[in-house]
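Student: data34.cif (mmCIF, C-alpha atoms) pasted underneath:
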data_structure
#
loop_
_atom_site.label_atom_id
_atom_site.label_comp_id
_atom_site.auth_asym_id
_atom_site.auth_seq_id
_atom_site.Cartn_x
_atom_site.Cartn_y
_atom_site.Cartn_z
CA MET A 1 0.00 0.00 0.00
CA VAL A 2 1.32 3.41 -0.94
CA LYS A 3 1.08 6.02 1.75
CA VAL A 4 0.43 9.51 0.55
CA LYS A 5 1.47 12.39 2.75
CA LEU A 6 -1.01 15.21 2.58
CA TYR A 7 -0.19 18.77 3.45
CA ILE A 8 -3.34 19.91 5.23
CA GLY A 9 -2.12 23.39 5.96
CA ALA A 10 -3.92 24.24 9.16
CA SER A 11 -2.36 23.41 12.53
CA SER A 12 1.14 23.82 11.15
CA PRO A 13 2.03 27.29 12.32
CA ALA A 14 5.62 26.86 11.22
CA MET A 15 4.57 27.56 7.66
CA THR A 16 3.75 31.16 8.53
CA SER A 17 7.47 31.85 8.69
CA GLU A 18 7.56 31.47 4.91
CA MET A 19 6.31 34.96 4.41
CA LYS A 20 8.41 37.65 6.06
CA THR A 21 6.22 40.71 5.97
CA GLY A 22 8.81 42.90 7.67
CA ASP A 23 10.02 44.27 4.33
CA TRP A 24 6.61 45.67 3.35
CA GLY A 25 6.63 49.07 4.98
CA THR A 26 9.07 51.94 4.93
CA GLU A 27 9.22 52.19 8.71
CA TRP A 28 9.84 49.96 11.68
CA ALA A 29 8.73 50.41 15.26
CA PHE A 30 11.32 50.52 18.03
CA VAL A 31 10.70 50.25 21.77
CA ASP A 32 12.37 52.54 24.26
CA GLU A 33 13.05 49.97 26.99
CA GLU A 34 13.61 52.64 29.64
CA LYS A 35 10.13 54.09 29.16
CA CYS A 36 8.23 50.81 28.57
CA ILE A 37 6.00 49.85 31.51
CA GLY A 38 5.06 46.42 30.14
CA CYS A 39 1.31 47.10 30.04
CA GLY A 40 0.79 44.95 26.93
CA GLN A 41 -1.43 47.44 25.07
CA CYS A 42 0.74 47.14 21.94
CA VAL A 43 0.67 43.33 22.16
CA THR A 44 -3.14 43.39 22.16
CA PHE A 45 -3.45 45.82 19.29
CA CYS A 46 -0.61 44.65 16.99
CA PRO A 47 -2.42 43.19 13.96
CA GLU A 48 0.45 40.92 13.02
CA PRO A 49 1.14 39.93 15.93
CA CYS A 50 4.87 40.65 16.06
CA ILE A 51 5.20 42.14 19.56
CA GLU A 52 5.91 40.03 22.64
CA LEU A 53 6.36 40.84 26.30
CA VAL A 54 9.77 39.55 27.40
CA GLU A 55 11.19 39.46 30.93
CA LYS A 56 14.29 41.65 31.08
CA GLU A 57 16.12 42.59 34.28
CA GLY A 58 13.16 41.64 36.44
CA ARG A 59 10.49 43.55 34.52
CA LYS A 60 8.49 43.03 31.37
CA VAL A 61 9.27 44.99 28.22
CA ALA A 62 7.81 44.81 24.73
CA VAL A 63 10.06 43.37 22.04
CA ILE A 64 9.24 43.87 18.36
CA ASP A 65 10.09 41.23 15.76
CA HIS A 66 11.27 43.15 12.70
CA ASP A 67 10.89 40.06 10.52
CA TYR A 68 7.13 40.74 10.56
CA CYS A 69 6.63 44.41 11.54
CA LYS A 70 4.81 46.13 8.65
CA GLY A 71 5.21 49.59 10.13
CA CYS A 72 1.49 50.37 10.54
CA TRP A 73 1.95 52.75 13.53
CA MET A 74 -0.80 50.96 15.49
CA CYS A 75 1.45 50.31 18.52
CA TYR A 76 2.66 53.91 18.36
CA THR A 77 -0.87 55.27 18.69
CA VAL A 78 -2.01 52.97 21.52
CA CYS A 79 1.11 53.24 23.71
CA PRO A 80 0.12 55.12 26.90
CA VAL A 81 3.69 56.28 27.74
CA ASP A 82 5.02 57.07 24.23
CA ALA A 83 7.69 54.39 24.53
CA ILE A 84 7.46 53.41 20.85
CA ARG A 85 9.09 55.42 18.08
CA MET A 86 8.92 54.88 14.32
CA GLU A 87 12.09 55.00 12.29
CA THR A 88 12.53 55.00 8.53
CA LYS A 89 14.53 52.01 7.31
CA GLU A 90 18.12 52.60 6.22
CA ILE A 91 17.43 51.78 2.56
CA TYR A 92 14.73 54.47 2.36
CA LYS A 93 16.94 57.20 3.76
CA LEU A 94 17.93 58.85 0.53
CA GLU A 95 20.13 61.84 0.12
CA VAL A 96 18.83 64.31 -2.41
CA CYS A 97 21.62 66.15 -4.14
CA MET B 1 3.37 30.77 19.45
CA SER B 2 0.34 32.72 18.47
CA LEU B 3 -2.70 30.92 17.06
CA PHE B 4 -3.09 33.35 14.18
CA GLY B 5 -0.14 34.91 12.39
CA PRO B 6 2.42 36.41 12.15
CA GLY B 7 3.08 36.36 8.45
CA HIS B 8 -0.43 36.93 7.11
CA GLY B 9 -0.94 39.30 4.21
CA ALA B 10 -3.37 41.85 5.66
CA CYS B 11 -2.73 45.51 4.94
CA PRO B 12 -0.68 47.41 7.53
CA GLY B 13 -3.22 48.75 10.01
CA CYS B 14 -5.96 46.26 9.17
CA GLY B 15 -8.49 45.74 11.94
CA PHE B 16 -9.71 42.15 11.76
CA PRO B 17 -6.49 40.26 12.70
CA ILE B 18 -6.93 41.80 16.17
CA ALA B 19 -10.47 40.43 16.35
CA VAL B 20 -9.50 36.95 15.08
CA ARG B 21 -6.61 36.66 17.51
CA GLU B 22 -8.68 37.90 20.41
CA ALA B 23 -11.42 35.35 19.60
CA LEU B 24 -8.94 32.46 19.33
CA ASP B 25 -7.26 33.52 22.60
CA ALA B 26 -10.61 33.77 24.38
CA LEU B 27 -11.40 30.15 23.46
CA ASP B 28 -7.84 28.90 24.24
CA GLY B 29 -7.44 27.65 20.67
CA LYS B 30 -10.19 25.02 21.18
CA VAL B 31 -11.65 26.08 17.86
CA ILE B 32 -12.64 24.63 14.52
CA ALA B 33 -12.56 27.72 12.32
CA VAL B 34 -14.94 28.01 9.38
CA ASN B 35 -14.11 30.92 7.14
CA ALA B 36 -16.29 32.35 4.41
CA THR B 37 -14.68 33.89 1.35
CA GLY B 38 -13.44 37.38 2.03
CA CYS B 39 -10.45 39.39 3.05
CA LEU B 40 -9.64 37.13 5.97
CA GLU B 41 -9.53 34.04 3.76
CA ILE B 42 -7.37 35.75 1.14
CA VAL B 43 -4.76 37.04 3.56
CA SER B 44 -4.49 33.99 5.80
CA SER B 45 -4.81 30.89 3.65
CA MET B 46 -2.50 31.34 0.70
CA TYR B 47 -1.05 28.03 -0.49
CA GLY B 48 1.85 27.03 1.72
CA ARG B 49 1.51 30.20 3.76
CA ASN B 50 -1.26 29.25 6.13
CA THR B 51 -1.33 31.39 9.25
CA TRP B 52 -3.96 29.46 11.21
CA GLY B 53 -2.85 27.48 14.24
CA VAL B 54 -6.27 25.80 14.55
CA PRO B 55 -8.20 23.40 12.28
CA TYR B 56 -9.51 25.51 9.45
CA ILE B 57 -11.98 25.09 6.61
CA HIS B 58 -12.73 27.57 3.89
CA SER B 59 -16.25 27.58 2.50
CA ILE B 60 -17.71 29.70 -0.25
CA PHE B 61 -19.48 32.99 0.36
CA GLU B 62 -22.98 31.75 1.03
CA ASN B 63 -22.61 28.56 2.99
CA SER B 64 -20.22 29.19 5.90
CA ALA B 65 -23.08 28.89 8.39
CA ALA B 66 -24.28 25.65 6.77
CA VAL B 67 -20.74 24.17 6.82
CA ALA B 68 -20.41 25.10 10.50
CA ALA B 69 -23.79 23.50 11.22
CA GLY B 70 -22.59 20.33 9.46
CA ILE B 71 -19.40 20.22 11.50
CA GLU B 72 -21.36 20.71 14.71
CA VAL B 73 -23.75 17.86 13.87
CA ALA B 74 -20.84 15.61 12.87
CA LEU B 75 -19.07 16.31 16.18
CA LYS B 76 -22.29 15.44 18.00
CA ALA B 77 -22.66 12.19 16.05
CA LEU B 78 -19.08 11.24 16.89
CA LYS B 79 -19.68 12.27 20.54
CA ARG B 80 -16.75 14.68 20.37
CA GLU B 81 -18.62 17.95 20.86
CA ASN B 82 -16.62 18.79 23.99
CA GLU B 83 -13.36 18.90 22.07
CA ALA B 84 -13.81 22.18 20.22
CA HIS B 85 -16.06 25.15 19.61
CA VAL B 86 -17.19 25.61 16.02
CA VAL B 87 -16.52 29.24 15.15
CA VAL B 88 -17.44 30.96 11.89
CA PHE B 89 -15.45 33.97 10.76
CA ALA B 90 -17.29 35.73 7.98
CA GLY B 91 -17.18 39.21 6.55
CA ASP B 92 -20.13 41.53 6.34
CA GLY B 93 -20.75 40.65 2.68
CA ALA B 94 -20.99 36.97 3.54
CA THR B 95 -23.20 37.68 6.53
CA PHE B 96 -25.48 40.57 5.58
CA ASP B 97 -26.02 39.84 1.87
CA ILE B 98 -24.98 36.52 0.42
CA GLY B 99 -24.97 34.16 3.38
CA ILE B 100 -28.02 35.43 5.25
CA GLY B 101 -30.09 32.48 4.03
CA THR B 102 -27.89 29.77 5.48
CA LEU B 103 -27.20 31.91 8.55
CA SER B 104 -30.93 32.20 9.12
CA GLY B 105 -31.25 28.42 8.73
CA MET B 106 -28.46 27.82 11.22
CA MET B 107 -30.07 30.13 13.76
CA ASP B 108 -33.48 28.57 13.13
CA ARG B 109 -32.16 25.07 13.93
CA ASN B 110 -30.17 26.59 16.83
CA HIS B 111 -26.90 24.82 16.08
CA ASN B 112 -24.22 25.20 18.72
CA VAL B 113 -22.03 27.55 16.69
CA ILE B 114 -20.40 30.92 17.42
CA TYR B 115 -20.84 33.11 14.37
CA ILE B 116 -18.42 36.05 14.32
CA CYS B 117 -19.01 38.63 11.62
CA TYR B 118 -16.12 41.04 11.08
CA ASP B 119 -17.86 44.09 9.77
CA ASN B 120 -15.71 46.33 7.55
CA GLU B 121 -18.77 47.84 5.92
CA ALA B 122 -18.24 46.83 2.25
CA TYR B 123 -16.77 44.09 0.04
CA GLN B 124 -13.23 45.26 0.74
CA ASN B 125 -11.55 42.16 -0.64
CA THR B 126 -12.59 42.94 -4.22
CA GLY B 127 -12.07 46.67 -3.84
CA ASN B 128 -14.77 48.46 -1.89
CA GLN B 129 -18.15 47.51 -3.36
CA GLN B 130 -21.20 48.37 -1.29
CA SER B 131 -22.85 45.75 0.89
CA MET B 132 -25.91 46.07 3.11
CA ALA B 133 -23.53 46.90 5.95
CA THR B 134 -22.29 50.04 4.22
CA PRO B 135 -23.51 53.08 6.13
CA MET B 136 -25.53 55.80 4.46
CA GLY B 137 -23.57 58.29 2.39
CA ALA B 138 -20.41 56.20 1.98
CA ALA B 139 -18.73 56.39 -1.42
CA THR B 140 -17.93 52.95 -2.85
CA THR B 141 -17.15 51.80 -6.38
CA THR B 142 -20.77 50.66 -6.88
CA THR B 143 -22.26 53.76 -5.23
CA PRO B 144 -20.00 56.51 -6.59
CA VAL B 145 -20.57 60.14 -5.79
CA GLY B 146 -22.17 62.09 -8.62
CA LYS B 147 -24.49 64.96 -9.24
CA ASN B 148 -27.61 63.05 -8.23
CA MET B 149 -26.27 60.72 -5.57
CA PRO B 150 -24.16 61.49 -2.49
CA GLY B 151 -22.85 57.94 -1.97
CA LYS B 152 -24.95 55.03 -0.76
CA MET B 153 -28.67 55.58 -0.35
CA GLY B 154 -30.44 53.77 2.43
CA ARG B 155 -29.12 52.89 5.83
CA LYS B 156 -27.09 50.07 7.30
CA LYS B 157 -28.97 46.88 8.04
CA ASP B 158 -29.27 46.11 11.74
CA MET B 159 -28.05 42.52 11.68
CA VAL B 160 -27.85 42.15 15.47
CA GLU B 161 -31.59 42.85 15.69
CA ILE B 162 -32.25 40.31 12.92
CA ALA B 163 -30.23 37.73 14.86
CA VAL B 164 -32.17 38.54 18.03
CA ALA B 165 -35.43 38.18 16.12
CA HIS B 166 -34.50 34.53 15.41
CA GLY B 167 -34.73 33.91 19.15
CA ILE B 168 -31.11 32.81 19.51
CA PRO B 169 -29.67 32.75 23.04
CA TYR B 170 -26.87 35.26 22.49
CA ALA B 171 -26.22 38.17 20.14
CA ALA B 172 -23.79 41.03 20.60
CA SER B 173 -21.90 43.75 18.80
CA ALA B 174 -18.28 44.61 19.58
CA SER B 175 -15.47 46.75 18.25
CA ILE B 176 -11.74 46.18 17.79
CA ALA B 177 -11.14 49.41 19.70
CA TYR B 178 -12.21 47.47 22.80
CA PRO B 179 -10.49 44.06 22.46
CA LYS B 180 -11.00 43.08 26.10
CA ASP B 181 -14.74 43.69 25.75
CA PHE B 182 -14.79 41.52 22.61
CA ASN B 183 -12.75 38.84 24.39
CA ARG B 184 -15.30 38.76 27.22
CA LYS B 185 -18.19 38.54 24.77
CA VAL B 186 -16.63 35.55 22.97
CA LYS B 187 -15.99 33.85 26.34
CA ARG B 188 -19.59 34.48 27.39
CA ALA B 189 -20.82 33.12 24.05
CA SER B 190 -18.77 29.94 24.49
CA GLU B 191 -20.55 29.21 27.80
CA ILE B 192 -23.98 29.26 26.18
CA LYS B 193 -25.46 26.38 24.20
CA GLY B 194 -27.09 27.28 20.91
CA SER B 195 -26.44 29.75 18.11
CA LYS B 196 -24.43 32.81 19.02
CA TYR B 197 -23.94 35.86 16.86
CA ILE B 198 -21.21 38.45 17.47
CA GLN B 199 -20.62 41.35 15.11
CA VAL B 200 -17.28 43.11 15.42
CA HIS B 201 -16.52 46.45 13.81
CA CYS B 202 -13.18 46.39 11.96
CA PRO B 203 -11.97 49.46 10.06
CA CYS B 204 -10.50 48.91 6.60
CA VAL B 205 -7.60 51.18 5.72
CA THR B 206 -7.90 51.10 1.92
CA GLY B 207 -11.67 51.09 1.52
CA TRP B 208 -12.39 53.74 4.13
CA GLY B 209 -9.45 55.86 3.08
CA ILE B 210 -7.79 56.17 6.47
CA ASP B 211 -4.19 56.01 7.55
CA GLY B 212 -3.07 52.78 9.22
CA LYS B 213 -2.37 54.58 12.47
CA LEU B 214 -5.96 55.88 12.68
CA THR B 215 -7.57 52.41 12.75
CA VAL B 216 -8.11 52.26 16.50
CA GLU B 217 -9.12 55.92 16.69
CA VAL B 218 -11.74 55.54 13.94
CA ALA B 219 -13.16 52.39 15.53
CA LYS B 220 -13.34 54.21 18.87
CA LEU B 221 -15.07 57.23 17.30
CA ALA B 222 -17.70 55.00 15.67
CA VAL B 223 -18.66 53.79 19.14
CA GLU B 224 -18.37 57.20 20.81
CA THR B 225 -20.62 58.92 18.27
CA GLY B 226 -23.38 56.33 18.74
CA LEU B 227 -23.25 55.06 15.15
CA TYR B 228 -21.99 51.66 16.30
CA PRO B 229 -23.54 50.88 19.69
CA LEU B 230 -21.93 48.03 21.64
CA VAL B 231 -24.86 45.96 22.83
CA GLU B 232 -25.35 42.50 24.26
CA TYR B 233 -28.54 40.42 24.11
CA GLU B 234 -29.17 37.25 26.06
CA ASN B 235 -32.33 35.28 25.27
CA GLY B 236 -33.79 38.30 23.51
CA LYS B 237 -33.22 40.68 26.42
CA LEU B 238 -30.81 43.60 26.27
CA VAL B 239 -28.44 42.85 29.14
CA ARG B 240 -25.50 45.18 28.64
CA VAL B 241 -24.75 48.38 26.74
CA ARG B 242 -21.54 50.39 26.62
CA LYS B 243 -22.57 53.78 28.03
CA LEU B 244 -21.01 56.94 26.64
CA LYS B 245 -20.02 59.76 28.97
CA LYS B 246 -20.24 62.44 26.31
CA ARG B 247 -21.58 61.47 22.92
CA LYS B 248 -19.61 63.10 20.10
CA SER B 249 -21.09 64.55 16.93
CA VAL B 250 -21.02 62.18 13.93
CA GLU B 251 -19.01 64.70 11.90
CA GLU B 252 -15.96 63.95 14.03
CA TYR B 253 -16.13 60.32 12.88
CA LEU B 254 -16.93 61.13 9.24
CA LYS B 255 -14.42 63.86 8.49
CA ILE B 256 -11.31 61.69 8.93
CA GLN B 257 -12.44 59.13 6.33
CA ARG B 258 -12.05 59.51 2.59
CA ARG B 259 -15.31 57.65 1.83
CA PHE B 260 -17.32 60.42 3.53
CA ARG B 261 -15.34 63.50 2.46
CA HIS B 262 -17.85 64.48 -0.27
CA LEU B 263 -20.59 64.96 2.32
CA PHE B 264 -19.04 68.24 3.37
CA LYS B 265 -19.10 69.69 -0.18
CA HIS B 266 -21.97 67.94 -2.00
CA PRO B 267 -25.28 69.91 -2.24
CA MET B 268 -27.15 66.88 -0.85
CA GLY B 269 -24.45 66.14 1.72
CA LYS B 270 -26.10 68.17 4.46
CA ASP B 271 -29.24 66.02 4.39
CA VAL B 272 -27.15 62.86 4.70
CA LEU B 273 -25.19 64.32 7.63
CA GLU B 274 -28.46 65.19 9.36
CA GLU B 275 -29.83 61.71 8.68
CA LEU B 276 -26.67 60.07 10.08
CA GLN B 277 -26.90 62.24 13.20
CA ARG B 278 -30.55 61.24 13.49
CA ILE B 279 -29.56 57.54 13.28
CA ALA B 280 -26.98 58.09 16.05
CA ASP B 281 -29.60 59.86 18.21
CA GLU B 282 -32.06 57.06 17.52
CA ASN B 283 -29.48 54.48 18.63
CA ALA B 284 -28.80 56.50 21.78
CA ARG B 285 -32.51 56.61 22.61
CA LYS B 286 -33.14 52.97 21.76
CA TYR B 287 -30.26 51.52 23.77
CA GLY B 288 -29.91 54.28 26.38
CA LEU B 289 -26.33 55.06 25.42
CA ASP B 290 -26.12 58.40 27.20
CA ALA B 291 -24.97 57.87 30.76
#
Reformat the file's structure so that it appears as structure tokens.

Tutor:
Amino acid sequence: MVKVKLYIGASSPAMTSEMKTGDWGTEWAFVDEEKCIGCGQCVTFCPEPCIELVEKEGRKVAVIDHDYCKGCWMCYTVCPVDAIRMETKEIYKLEVC
Amino acid sequence: MSLFGPGHGACPGCGFPIAVREALDALDGKVIAVNATGCLEIVSSMYGRNTWGVPYIHSIFENSAAVAAGIEVALKALKRENEAHVVVFAGDGATFDIGIGTLSGMMDRNHNVIYICYDNEAYQNTGNQQSMATPMGAATTTTPVGKNMPGKMGRKKDMVEIAVAHGIPYAASASIAYPKDFNRKVKRASEIKGSKYIQVHCPCVTGWGIDGKLTVEVAKLAVETGLYPLVEYENGKLVRVRKLKKRKSVEEYLKIQRRFRHLFKHPMGKDVLEELQRIADENARKYGLDA
């Protein structure tokens, strides 16, 4: 009997790593770890989700995965302490002469 | 690992991934997801790039409710109904227009299914065509603004009321601006046996003509102006309403969206603005929104 292996798709979250959406936007979000209070607002609202709360030096701070960050500014607008800043990617910083 | 994403193809600033993730989290991933055709299906189930961490089935536009009903009956026949909740994720086109027949049938037979409609107020997947969920005055590609017509004529269909009229045990409306509220509503729905209907308001960046960063603000304004009341019905009785401290004027919500910008210049725009304000006032009176 020949066994056929089917790729069912669902329940294999590893496949999501095939598409790196981090190169879509022109900006990336960065977290100011000094200011971050670890409230998790950005984690809730990130549509990707590419933000995680990570334990660092005894407190929780948000860490952004730039492999997937599309630069939508959502985390920037919901942050209660303005700990997130948006920066243009290096390749889009053009010098006009 | 998250149960939905990362790596899906939704536009930056899209609203519904928040709703989908919040729903899957609320049910601890004990979900069999049924997904009608629409934006959500397109962005999350590309070949080889599936972003769902739960069992998933894609149905066509009109039969997502029927497919979910079939799964629920099959689980019952196999005596495995305690293993997962059957959850439908369908857009407003699939719910309000095309799939209302099968949805009505599902509610009539009272299948144990949670039906979540992500309402982005038009067929945004194919490029902003009007659906019955499109609010009055919105410009879409099928209701363009011209000399005789200031956007869509006729008002948005009240689907929550239609669901309540079926006599289902639970119906609610939610918004992605309040994810914790939506999470609680999904949890509450999972405790009840029978058909549940939850409608969640999700802004669309391209169709509505808003910037990605305004998504949460626009969703919040829709609730705060009274145009999208957050209500909760249990067994036909209104049990909970999100009260508003100070109801804002609808113009605040309309002026930041491109689909409504003609209302402020069009000769017939003033009538539409007045009508929209009247709808908001009517909602406030009907549900007692003003605290």

Student: For the atom pair atom CA of Val78 of chain A and atom CA of Tyr178 of chain B, what is the interatomic distance in Å to one decimal place?

Tutor: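 Taking atom CA of Val78 of chain A and atom CA of Tyr178 of chain B, their separation equals 11.7 Å.
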
Student: Output as an MDAnalysis selection string the set of chain B residues within 9 Å of chain A, with distances taken over only C-alpha atoms.

Tutor: chainID B and resid 1:19 21:22 45 47:57 176:177 179:180 211:217

Student: What is the distance, in Å and to one decimal place, between atom CA of Gly146 of chain B and atom CA of Thr134 of chain B?

Tutor: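 Atom CA of Gly146 of chain B sits 17.6 Å away from atom CA of Thr134 of chain B.
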
Student: How many Å separate atom CA of Asn235 of chain B from atom CA of Ile168 of chain B?

Tutor: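 Here the two named atoms are 6.4 Å from each other.
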
Student: If you count all atoms listed in the file, which residues fall within 12 Å of Ile192 of chain B, apart from same-chain ones fewer than 5 positions away, as a list in words?

Tutor: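 That gives His85, Asn110, His111, Asn112, Val113, Ile114, Ile168, Pro169, Tyr170, Ala171, Lys185, Val186, Lys187, Tyr197, Glu234 and Asn235 of chain B.
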
Student: Check which residues satisfy the PyMOL selection byres ((chain B and resi 129) around 6) in the file shown, then give them as a PyMOL selection string.

Tutor: chain B and resi 122-123+128+130+140-142

Student: Rank A:Pro80, A:Gly38, A:Glu95, A:Val31 by their smallest atom-to-atom distance to Ile64 of chain A, using all atoms listed in the file, and report the top residue only.

Tutor: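 Residue with the minimum atom-to-atom distance to Ile64 of chain A: A:Val31.
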
Student: Segment 72-88 of chain A, all listed atoms, 6 Å padding on each side: what axis-aligned box centre and edge lengths in Å to one decimal come out, as lines of an AutoDock Vina configuration file?

Tutor:
center_x = 5.3
center_y = 53.7
center_z = 18.1
size_x = 26.5
size_y = 18.8
size_z = 31.2

Student: Which residue gives the smallest distance to His201 of chain B among B:Glu251, B:Glu81, B:Glu121, B:Asp25, with all atoms listed in the file counted?

Tutor: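 Under the stated criterion, the closest residue is B:Glu121.
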
Student: Would you list the contacts of Asp281 of chain B as number ranges by chain, taking every protein, DNA or RNA residue within 10 Å and counting only C-alpha atoms, but skipping same-chain residues closer than 2 positions in sequence?

Tutor: B: 225-227, 247, 249-250, 275-279, 283-286, 288-290

Student: Quick one: everything within 10 Å of Lys56 of chain A, counting all atoms listed in the file, minus sequence neighbours fewer than 5 positions away in the same chain. Send it as a PyMOL selection string.

Tutor: chain A and resi 33+61-62

Student: Please list as a PyMOL selection string every residue within 7 Å of segment 83-90 of chain A, counting all atoms listed in the file and excluding residues in the same chain fewer than 4 positions away.

Tutor: chain A and resi 26-32+35-36+76+79

Student: The residues within 10 Å of (-16.0, 59.7, 12.3), using all atoms listed in the file and the coordinates of the file, should be reported as a ChimeraX atom specification; which are they?

Tutor: /B:217-225,227,248-257,260

Student: Can those selected residues be exported to a file as a PDB file, keeping the file's coordinate frame so that it contains C-alpha atoms?

Tutor:
ATOM      1  CA  GLU B 217      -9.120  55.920  16.690  1.00  0.00           C
ATOM      2  CA  VAL B 218     -11.740  55.540  13.940  1.00  0.00           C
ATOM      3  CA  ALA B 219     -13.160  52.390  15.530  1.00  0.00           C
ATOM      4  CA  LYS B 220     -13.340  54.210  18.870  1.00  0.00           C
ATOM      5  CA  LEU B 221     -15.070  57.230  17.300  1.00  0.00           C
ATOM      6  CA  ALA B 222     -17.700  55.000  15.670  1.00  0.00           C
ATOM      7  CA  VAL B 223     -18.660  53.790  19.140  1.00  0.00           C
ATOM      8  CA  GLU B 224     -18.370  57.200  20.810  1.00  0.00           C
ATOM      9  CA  THR B 225     -20.620  58.920  18.270  1.00  0.00           C
ATOM     10  CA  LEU B 227     -23.250  55.060  15.150  1.00  0.00           C
ATOM     11  CA  LYS B 248     -19.610  63.100  20.100  1.00  0.00           C
ATOM     12  CA  SER B 249     -21.090  64.550  16.930  1.00  0.00           C
ATOM     13  CA  VAL B 250     -21.020  62.180  13.930  1.00  0.00           C
ATOM     14  CA  GLU B 251     -19.010  64.700  11.900  1.00  0.00           C
ATOM     15  CA  GLU B 252     -15.960  63.950  14.030  1.00  0.00           C
ATOM     16  CA  TYR B 253     -16.130  60.320  12.880  1.00  0.00           C
ATOM     17  CA  LEU B 254     -16.930  61.130   9.240  1.00  0.00           C
ATOM     18  CA  LYS B 255     -14.420  63.860   8.490  1.00  0.00           C
ATOM     19  CA  ILE B 256     -11.310  61.690   8.930  1.00  0.00           C
ATOM     20  CA  GLN B 257     -12.440  59.130   6.330  1.00  0.00           C
ATOM     21  CA  PHE B 260     -17.320  60.420   3.530  1.00  0.00           C
TER      22      PHE B 260
END
